[in-house]
Amino acid sequence: MIEVKNLHKSFDGKEVLSDISIRFEKGKTNLIIGRSGSGKTVLLKSILGLYPVDSGEIWYDDRNFLTIDEKQRKMMRQEIGMVFQGGALFDSSTVEGNVRFPLDMFTRMTAKEKENRVAFCLEHVNIEKRAFKLFPSEISGGMQKRVAIARAIALNPKYLFCDEPNSGLDPETATVIDELIQNLTREFQMTTIINTHDMNSVIEIGELILFISKGRKEWVGTKNEILHSNNHTLNDFIFANKLYAQMRRDVEEG
Amino acid sequence: MSFFFHIGRFFVMLKNVFSKPEKHRIYLRQLFYEIENLGVNSVGIVVIISLFIGGIMTIQFAYALANPLYPAELVGLGTRDTLLLEFSSTMLALIMAGKIGSNITSEIGTMRVTEQIDSLEIMGINSASYLILPKIIAVVFIFPFLYILSVFFGLLGGLFTGPLAGVITIPEYVDGIKWLFEPYYITFSIIKSLFFGFLVASVPAYFGYYVQGGALEVGKASTKAVVNTNILILFFDLVLTRLLLT
């Protein structure tokens with residue numbers, strides 16, 4: 001579980017996040033949605049500790065991330081997996097080198113154990129063995145995202161963060177990535193937070209959805225509730241897409 | 001203000017760079033990789049430049065000293081001392097700032113803008129130390145060797161070119177190289193090359209590490225890094241020459 005309490009964050013005196021409080025549940029795919037520039041990436045990076053916050057609390061289960069010392073924070077980071085928007089794979093390493101990297105850095109596993117763990121993670125994200133020796137520049141965008149997910153789960157994290165995991169992917173591959181993240185979340189009982197503005201992801205895997213607008217918490221609910229919401233700002237965001245507007249009309253008409 | 005901001009941030013970065021590594025074995029592996037990538041891969045260009053400059057200097061000294069009152073050995077002496085004191089340490093460092101420095105800035109800068117550095121930080125790795133420390137140690141370690149190599153091939157360039165151009169004989173040139181030799185010049189230049197090695201690795205690393213934006217900014221940072229490294233090399237050349245040679 002990750003809980004954020006009364007979080008405030010500003011850049012150069014301009015408030016970007018204002019009084020955000022939310023509880024992200026374990027074993028569920030928690031989504032942060034909002035328009036571009038609404039503050040969702042800042043929120044994600046603040047929770048991760050990449051941005052210092054002005055005030056508030058960030059709890060990872062029973063540990064307040066903002067008050068623990070640097071050593072504990074470093075240890076805690078090994079419980080966190082992160083999938084970046086562009087994958088952020090290390091260009092100079094192969095696919096298996098990327099997944100092995102956290103194991104090399106933080107475990108005392110033997111070479112054989114590492115090899116098995118790398119294979120386990122890559123097979124879990126459906127990467128074929130022949131791709132193990134390829135470099136990130138030699139594989140497709142969808143595969144890069146899957147390798148990034150494999151690297152993120154290599155240390156068996158308790159918390160998984162994904163920053164727009166579907167950006168730049170075709171709808172079919174995006175669905176595969178969504179399902180993969182949801183399945184891994186359930187299988188490994190992680191607390192997963194996904195930052196997205198992809199409405200397909202919202203409808204497919206949004207077990208808890210936080211909608212933020214202009215840095216404020218605007219609405220919280222599930223994928224089943226989102227189509228019936230009376231929040232105008234949320235509706236303007238969702239039903240900007242004609243397909244979802246039609247979907248809502250269909251729902252209302254029974 | 002901006003100047004002091006950069007100085008302050010540079011030292012903050014250095015503090016992180018020289019903090020305790022997470023896993024020595026991984027850092028050692030990185031160090032060997034950087035010695036090969038930044039050092040061994042620079043040997044070719046050092047040899048070529050030194051051969052040509054040594055040859056050119058020999059011809060120019062012969063031209064400038066074309067007076068029966070000057071002993072012919074002065075050509076060898078002039079070439080040797082110029083290589084020992086200035087070319088193989090300072091000029092080579094300026095050239096290496098272009099080759100190695102731009103490589104370091106663009107590599108680290110690209111890692112920054114593609115969030116690879118954020119990725120390291122989230123894993124709990126000290127990214128400054130992991131990425132920059134092996135580069136600094138590798139370049140500081142390799143620079144004295146490049147200096148010695150440059151002196152050797154510079155002298156060899158003169159030995160080939162002088163007699164070929166008909167401006168000096170081989171015995172005159174060799175005698176000139178041995179004439180009034182001051183071993184301290186080598187010590188002085190190796191001290192300089194250690195300083196320059198540090199600058200060539202750390203200043204471009206700073207510009208790459210703090211780059212913001214995209215590919216365009218990485219390119220700009222690379223140019224800035226080379227310009228600033230060159231200025232700092234010349235400044236420290238002046239300071240070290242004043243301190244160690246006068």
# chains A, B, ... in the order shown; residues from 1 in each chain; ligands from 1
$ residues_around --residues "segment 108-125 of chain A" --least-positions-apart "4" --cutoff "10 Å" --atoms "only C-alpha atoms" --output "MDAnalysis selection string"
chainID A and resid 95:101 103:104 129 131:132 143 145:156 176:177 180:181 183:184
$ interface_residues --of "chain A" --to "chain B" --cutoff "7 Å" --atoms "only C-alpha atoms" --output "JSON list (two decimals) with C-alpha atoms, in the first residue's frame"
[["chain", "number", "residue", "atom", "x", "y", "z"],
["A", 74, "LYS", "CA", 18.31, 3.61, -0.51],
["A", 77, "ARG", "CA", 14.41, 1.78, -3.42],
["A", 78, "GLN", "CA", 15.29, -1.85, -4.02],
["A", 86, "GLY", "CA", 10.58, 5.69, -23.08],
["A", 88, "ALA", "CA", 14.97, 4.06, -20.21],
["A", 89, "LEU", "CA", 16.89, 0.90, -21.02],
["A", 90, "PHE", "CA", 20.67, 1.18, -20.88],
["A", 105, "MET", "CA", 24.12, -4.35, -8.14]]
$ residues_around --residues "Val203 of chain B" --least-positions-apart "4" --cutoff "9 Å" --atoms "only C-alpha atoms" --output "list in words"
Phe10, Gly101, Thr105, Phe198, Leu199, Phe207, Gly208, Ala225, Val226, Asn228 and Thr229 of chain B
$ write_last_selection --atoms "N, CA and C atoms" --output "PDB file, in the first residue's frame"
ATOM      1  N   PHE B  10      29.061  22.038  -9.297  1.00  0.00           N
ATOM      2  CA  PHE B  10      30.153  21.148  -9.721  1.00  0.00           C
ATOM      3  C   PHE B  10      30.743  20.424  -8.508  1.00  0.00           C
ATOM      4  N   GLY B 101      36.081  14.584 -24.138  1.00  0.00           N
ATOM      5  CA  GLY B 101      35.114  15.435 -23.435  1.00  0.00           C
ATOM      6  C   GLY B 101      33.753  15.414 -24.088  1.00  0.00           C
ATOM      7  N   THR B 105      30.213  14.067 -22.413  1.00  0.00           N
ATOM      8  CA  THR B 105      29.000  14.904 -22.272  1.00  0.00           C
ATOM      9  C   THR B 105      27.830  14.283 -23.028  1.00  0.00           C
ATOM     10  N   PHE B 198      41.927  15.111 -15.126  1.00  0.00           N
ATOM     11  CA  PHE B 198      40.790  15.329 -14.232  1.00  0.00           C
ATOM     12  C   PHE B 198      39.801  16.310 -14.862  1.00  0.00           C
ATOM     13  N   LEU B 199      40.331  17.398 -15.434  1.00  0.00           N
ATOM     14  CA  LEU B 199      39.448  18.402 -16.052  1.00  0.00           C
ATOM     15  C   LEU B 199      38.720  17.826 -17.267  1.00  0.00           C
ATOM     16  N   PHE B 207      28.610  18.895 -17.383  1.00  0.00           N
ATOM     17  CA  PHE B 207      27.687  19.458 -18.376  1.00  0.00           C
ATOM     18  C   PHE B 207      26.684  18.403 -18.867  1.00  0.00           C
ATOM     19  N   GLY B 208      27.123  17.170 -18.974  1.00  0.00           N
ATOM     20  CA  GLY B 208      26.216  16.108 -19.406  1.00  0.00           C
ATOM     21  C   GLY B 208      25.237  15.736 -18.310  1.00  0.00           C
ATOM     22  N   ALA B 225      30.793  22.217 -22.976  1.00  0.00           N
ATOM     23  CA  ALA B 225      31.739  21.430 -22.181  1.00  0.00           C
ATOM     24  C   ALA B 225      33.142  21.538 -22.767  1.00  0.00           C
ATOM     25  N   VAL B 226      33.249  21.418 -24.086  1.00  0.00           N
ATOM     26  CA  VAL B 226      34.569  21.462 -24.721  1.00  0.00           C
ATOM     27  C   VAL B 226      35.181  22.861 -24.540  1.00  0.00           C
ATOM     28  N   ASN B 228      34.531  25.185 -22.239  1.00  0.00           N
ATOM     29  CA  ASN B 228      34.895  25.447 -20.838  1.00  0.00           C
ATOM     30  C   ASN B 228      36.097  24.614 -20.389  1.00  0.00           C
ATOM     31  N   THR B 229      36.152  23.378 -20.853  1.00  0.00           N
ATOM     32  CA  THR B 229      37.299  22.533 -20.494  1.00  0.00           C
ATOM     33  C   THR B 229      38.584  23.141 -21.062  1.00  0.00           C
TER      34      THR B 229
END
$ residues_around --residues "Val43 of chain B" --least-positions-apart "2" --cutoff "10 Å" --atoms "only C-alpha atoms" --output "PDB file with N, CA and C atoms, in the first residue's frame"
ATOM      1  N   GLU B  36      39.535   1.376 -21.684  1.00  0.00           N
ATOM      2  CA  GLU B  36      39.599   0.974 -23.085  1.00  0.00           C
ATOM      3  C   GLU B  36      38.864   1.986 -23.971  1.00  0.00           C
ATOM      4  N   LEU B  38      37.866   5.212 -23.402  1.00  0.00           N
ATOM      5  CA  LEU B  38      38.348   6.593 -23.459  1.00  0.00           C
ATOM      6  C   LEU B  38      39.857   6.684 -23.680  1.00  0.00           C
ATOM      7  N   GLY B  39      40.587   5.705 -23.167  1.00  0.00           N
ATOM      8  CA  GLY B  39      42.049   5.779 -23.229  1.00  0.00           C
ATOM      9  C   GLY B  39      42.638   5.057 -24.407  1.00  0.00           C
ATOM     10  N   VAL B  40      42.475   3.740 -24.418  1.00  0.00           N
ATOM     11  CA  VAL B  40      43.114   2.929 -25.469  1.00  0.00           C
ATOM     12  C   VAL B  40      42.613   3.352 -26.859  1.00  0.00           C
ATOM     13  N   ASN B  41      41.316   3.683 -26.939  1.00  0.00           N
ATOM     14  CA  ASN B  41      40.771   4.104 -28.236  1.00  0.00           C
ATOM     15  C   ASN B  41      41.267   5.482 -28.675  1.00  0.00           C
ATOM     16  N   ILE B  45      44.762   8.389 -32.469  1.00  0.00           N
ATOM     17  CA  ILE B  45      44.745   9.822 -32.805  1.00  0.00           C
ATOM     18  C   ILE B  45      45.954  10.533 -32.183  1.00  0.00           C
ATOM     19  N   VAL B  46      46.342  10.095 -30.971  1.00  0.00           N
ATOM     20  CA  VAL B  46      47.504  10.702 -30.306  1.00  0.00           C
ATOM     21  C   VAL B  46      48.758  10.438 -31.133  1.00  0.00           C
ATOM     22  N   VAL B  47      48.897   9.210 -31.591  1.00  0.00           N
ATOM     23  CA  VAL B  47      50.086   8.839 -32.381  1.00  0.00           C
ATOM     24  C   VAL B  47      50.134   9.648 -33.680  1.00  0.00           C
ATOM     25  N   ILE B  48      49.012   9.718 -34.374  1.00  0.00           N
ATOM     26  CA  ILE B  48      48.978  10.430 -35.668  1.00  0.00           C
ATOM     27  C   ILE B  48      49.304  11.918 -35.470  1.00  0.00           C
ATOM     28  N   ILE B 142      45.078   7.285 -17.630  1.00  0.00           N
ATOM     29  CA  ILE B 142      45.604   7.090 -18.998  1.00  0.00           C
ATOM     30  C   ILE B 142      46.382   8.305 -19.511  1.00  0.00           C
ATOM     31  N   PHE B 145      50.223   8.226 -19.666  1.00  0.00           N
ATOM     32  CA  PHE B 145      50.687   7.295 -20.709  1.00  0.00           C
ATOM     33  C   PHE B 145      50.556   7.938 -22.103  1.00  0.00           C
ATOM     34  N   LEU B 146      49.444   8.633 -22.298  1.00  0.00           N
ATOM     35  CA  LEU B 146      49.257   9.307 -23.590  1.00  0.00           C
ATOM     36  C   LEU B 146      50.327  10.388 -23.774  1.00  0.00           C
ATOM     37  N   LEU B 149      53.551   8.673 -24.696  1.00  0.00           N
ATOM     38  CA  LEU B 149      53.389   8.202 -26.079  1.00  0.00           C
ATOM     39  C   LEU B 149      53.515   9.356 -27.070  1.00  0.00           C
ATOM     40  N   SER B 150      52.909  10.472 -26.718  1.00  0.00           N
ATOM     41  CA  SER B 150      52.932  11.638 -27.602  1.00  0.00           C
ATOM     42  C   SER B 150      54.357  12.184 -27.751  1.00  0.00           C
TER      43      SER B 150
END
$ residues_around --residues "Ala221 of chain B" --least-positions-apart "5" --cutoff "10 Å" --atoms "only C-alpha atoms" --output "VMD selection string"
chain B and resid 102 105 to 106 109 204 206 to 212 215 to 216 226 to 227
$ closest_residue --among "A:Ser93, A:Ser140, A:Asn126, A:Asn224" --to "Ile203 of chain A" --atoms "only C-alpha atoms"
A:Asn224
$ select_by_dssp --residues "segment 21-128 of chain A" --states "strand (DSSP E)" --output "MDAnalysis selection string"
chainID A and resid 21:24 29:33 55:60 63:64 80:83
$ write_last_selection --atoms "N, CA and C atoms" --output "PDB file, in the first residue's frame"
ATOM      1  N   SER A  21      -4.290  13.886  -1.463  1.00  0.00           N
ATOM      2  CA  SER A  21      -4.341  12.756  -0.521  1.00  0.00           C
ATOM      3  C   SER A  21      -4.996  11.570  -1.223  1.00  0.00           C
ATOM      4  N   ILE A  22      -4.347  10.430  -1.143  1.00  0.00           N
ATOM      5  CA  ILE A  22      -4.891   9.243  -1.817  1.00  0.00           C
ATOM      6  C   ILE A  22      -4.215   7.992  -1.251  1.00  0.00           C
ATOM      7  N   ARG A  23      -4.932   6.893  -1.297  1.00  0.00           N
ATOM      8  CA  ARG A  23      -4.371   5.625  -0.830  1.00  0.00           C
ATOM      9  C   ARG A  23      -4.408   4.639  -1.993  1.00  0.00           C
ATOM     10  N   PHE A  24      -3.225   4.173  -2.409  1.00  0.00           N
ATOM     11  CA  PHE A  24      -3.124   3.213  -3.507  1.00  0.00           C
ATOM     12  C   PHE A  24      -3.012   1.815  -2.908  1.00  0.00           C
ATOM     13  N   THR A  29      -4.244  -2.365  -9.767  1.00  0.00           N
ATOM     14  CA  THR A  29      -3.631  -1.406 -10.683  1.00  0.00           C
ATOM     15  C   THR A  29      -4.273  -0.043 -10.428  1.00  0.00           C
ATOM     16  N   ASN A  30      -3.481   0.836  -9.831  1.00  0.00           N
ATOM     17  CA  ASN A  30      -3.951   2.175  -9.486  1.00  0.00           C
ATOM     18  C   ASN A  30      -3.517   3.134 -10.589  1.00  0.00           C
ATOM     19  N   LEU A  31      -4.456   3.905 -11.092  1.00  0.00           N
ATOM     20  CA  LEU A  31      -4.135   4.805 -12.205  1.00  0.00           C
ATOM     21  C   LEU A  31      -4.203   6.268 -11.790  1.00  0.00           C
ATOM     22  N   ILE A  32      -3.246   7.030 -12.281  1.00  0.00           N
ATOM     23  CA  ILE A  32      -3.332   8.487 -12.138  1.00  0.00           C
ATOM     24  C   ILE A  32      -3.605   9.020 -13.539  1.00  0.00           C
ATOM     25  N   ILE A  33      -4.720   9.721 -13.696  1.00  0.00           N
ATOM     26  CA  ILE A  33      -5.023  10.262 -15.027  1.00  0.00           C
ATOM     27  C   ILE A  33      -5.197  11.776 -14.951  1.00  0.00           C
ATOM     28  N   SER A  55       5.407  19.966   1.341  1.00  0.00           N
ATOM     29  CA  SER A  55       4.857  19.433   2.598  1.00  0.00           C
ATOM     30  C   SER A  55       3.994  18.215   2.295  1.00  0.00           C
ATOM     31  N   GLY A  56       3.665  17.482   3.341  1.00  0.00           N
ATOM     32  CA  GLY A  56       2.831  16.290   3.177  1.00  0.00           C
ATOM     33  C   GLY A  56       3.556  15.030   3.634  1.00  0.00           C
ATOM     34  N   GLU A  57       2.883  13.920   3.457  1.00  0.00           N
ATOM     35  CA  GLU A  57       3.464  12.635   3.863  1.00  0.00           C
ATOM     36  C   GLU A  57       3.319  11.617   2.735  1.00  0.00           C
ATOM     37  N   ILE A  58       4.316  10.762   2.611  1.00  0.00           N
ATOM     38  CA  ILE A  58       4.244   9.672   1.623  1.00  0.00           C
ATOM     39  C   ILE A  58       4.574   8.382   2.364  1.00  0.00           C
ATOM     40  N   TRP A  59       3.580   7.516   2.474  1.00  0.00           N
ATOM     41  CA  TRP A  59       3.759   6.272   3.233  1.00  0.00           C
ATOM     42  C   TRP A  59       3.862   5.075   2.298  1.00  0.00           C
ATOM     43  N   TYR A  60       4.931   4.314   2.446  1.00  0.00           N
ATOM     44  CA  TYR A  60       5.057   3.020   1.778  1.00  0.00           C
ATOM     45  C   TYR A  60       4.799   1.993   2.877  1.00  0.00           C
ATOM     46  N   ARG A  63       6.127   2.876   6.433  1.00  0.00           N
ATOM     47  CA  ARG A  63       7.319   3.728   6.427  1.00  0.00           C
ATOM     48  C   ARG A  63       7.030   5.056   5.739  1.00  0.00           C
ATOM     49  N   ASN A  64       7.294   6.132   6.452  1.00  0.00           N
ATOM     50  CA  ASN A  64       7.127   7.458   5.862  1.00  0.00           C
ATOM     51  C   ASN A  64       8.374   7.778   5.041  1.00  0.00           C
ATOM     52  N   ILE A  80      11.340  -1.000  -5.111  1.00  0.00           N
ATOM     53  CA  ILE A  80      10.566  -0.235  -6.092  1.00  0.00           C
ATOM     54  C   ILE A  80      11.019  -0.585  -7.502  1.00  0.00           C
ATOM     55  N   GLY A  81      10.046  -0.844  -8.374  1.00  0.00           N
ATOM     56  CA  GLY A  81      10.342  -1.037  -9.792  1.00  0.00           C
ATOM     57  C   GLY A  81       9.712   0.104 -10.565  1.00  0.00           C
ATOM     58  N   MET A  82      10.381   0.530 -11.613  1.00  0.00           N
ATOM     59  CA  MET A  82       9.848   1.672 -12.367  1.00  0.00           C
ATOM     60  C   MET A  82       9.964   1.419 -13.863  1.00  0.00           C
ATOM     61  N   VAL A  83       8.864   1.677 -14.549  1.00  0.00           N
ATOM     62  CA  VAL A  83       8.873   1.586 -16.018  1.00  0.00           C
ATOM     63  C   VAL A  83       8.688   3.002 -16.552  1.00  0.00           C
TER      64      VAL A  83
END
$ closest_residue --among "A:Pro52, A:Gly34, A:Gly13, A:Gly27" --to "Thr233 of chain A" --atoms "only C-alpha atoms"
A:Gly34
$ select_by_dssp --residues "segment 54-147 of chain B" --states "alpha helix (DSSP H)" --output "ChimeraX atom specification"
/B:54-64,73-82,92-96,102-113,116-122,127-147
$ residues_around --residues "Glu86 of chain B" --least-positions-apart "4" --cutoff "12 Å" --atoms "only C-alpha atoms" --output "list in words"
Gly78, Thr79, Arg80, Asp81, Thr82, Thr90, Met91, Leu92, Ala93, Leu94, Tyr147, Ser150, Val151, Tyr185, Ile186, Phe188, Ser189, Ile190, Lys192, Ser193, Ile233, Leu234, Asp237, Leu238, Leu240 and Thr241 of chain B
$ residues_around --residues "Phe161 of chain A" --least-positions-apart "5" --cutoff "6 Å" --atoms "only C-alpha atoms" --output "MDAnalysis selection string"
chainID A and resid 82 192:194
$ write_last_selection --atoms "N, CA and C atoms" --output "PDB file, in the first residue's frame"
ATOM      1  N   MET A  82      10.381   0.530 -11.613  1.00  0.00           N
ATOM      2  CA  MET A  82       9.848   1.672 -12.367  1.00  0.00           C
ATOM      3  C   MET A  82       9.964   1.419 -13.863  1.00  0.00           C
ATOM      4  N   THR A 192       0.739  -1.196  -7.573  1.00  0.00           N
ATOM      5  CA  THR A 192       1.131  -0.636  -8.873  1.00  0.00           C
ATOM      6  C   THR A 192       0.452   0.704  -9.114  1.00  0.00           C
ATOM      7  N   ILE A 193       1.253   1.675  -9.497  1.00  0.00           N
ATOM      8  CA  ILE A 193       0.705   2.998  -9.840  1.00  0.00           C
ATOM      9  C   ILE A 193       1.093   3.299 -11.282  1.00  0.00           C
ATOM     10  N   ILE A 194       0.071   3.559 -12.089  1.00  0.00           N
ATOM     11  CA  ILE A 194       0.319   3.836 -13.511  1.00  0.00           C
ATOM     12  C   ILE A 194      -0.144   5.252 -13.830  1.00  0.00           C
TER      13      ILE A 194
END
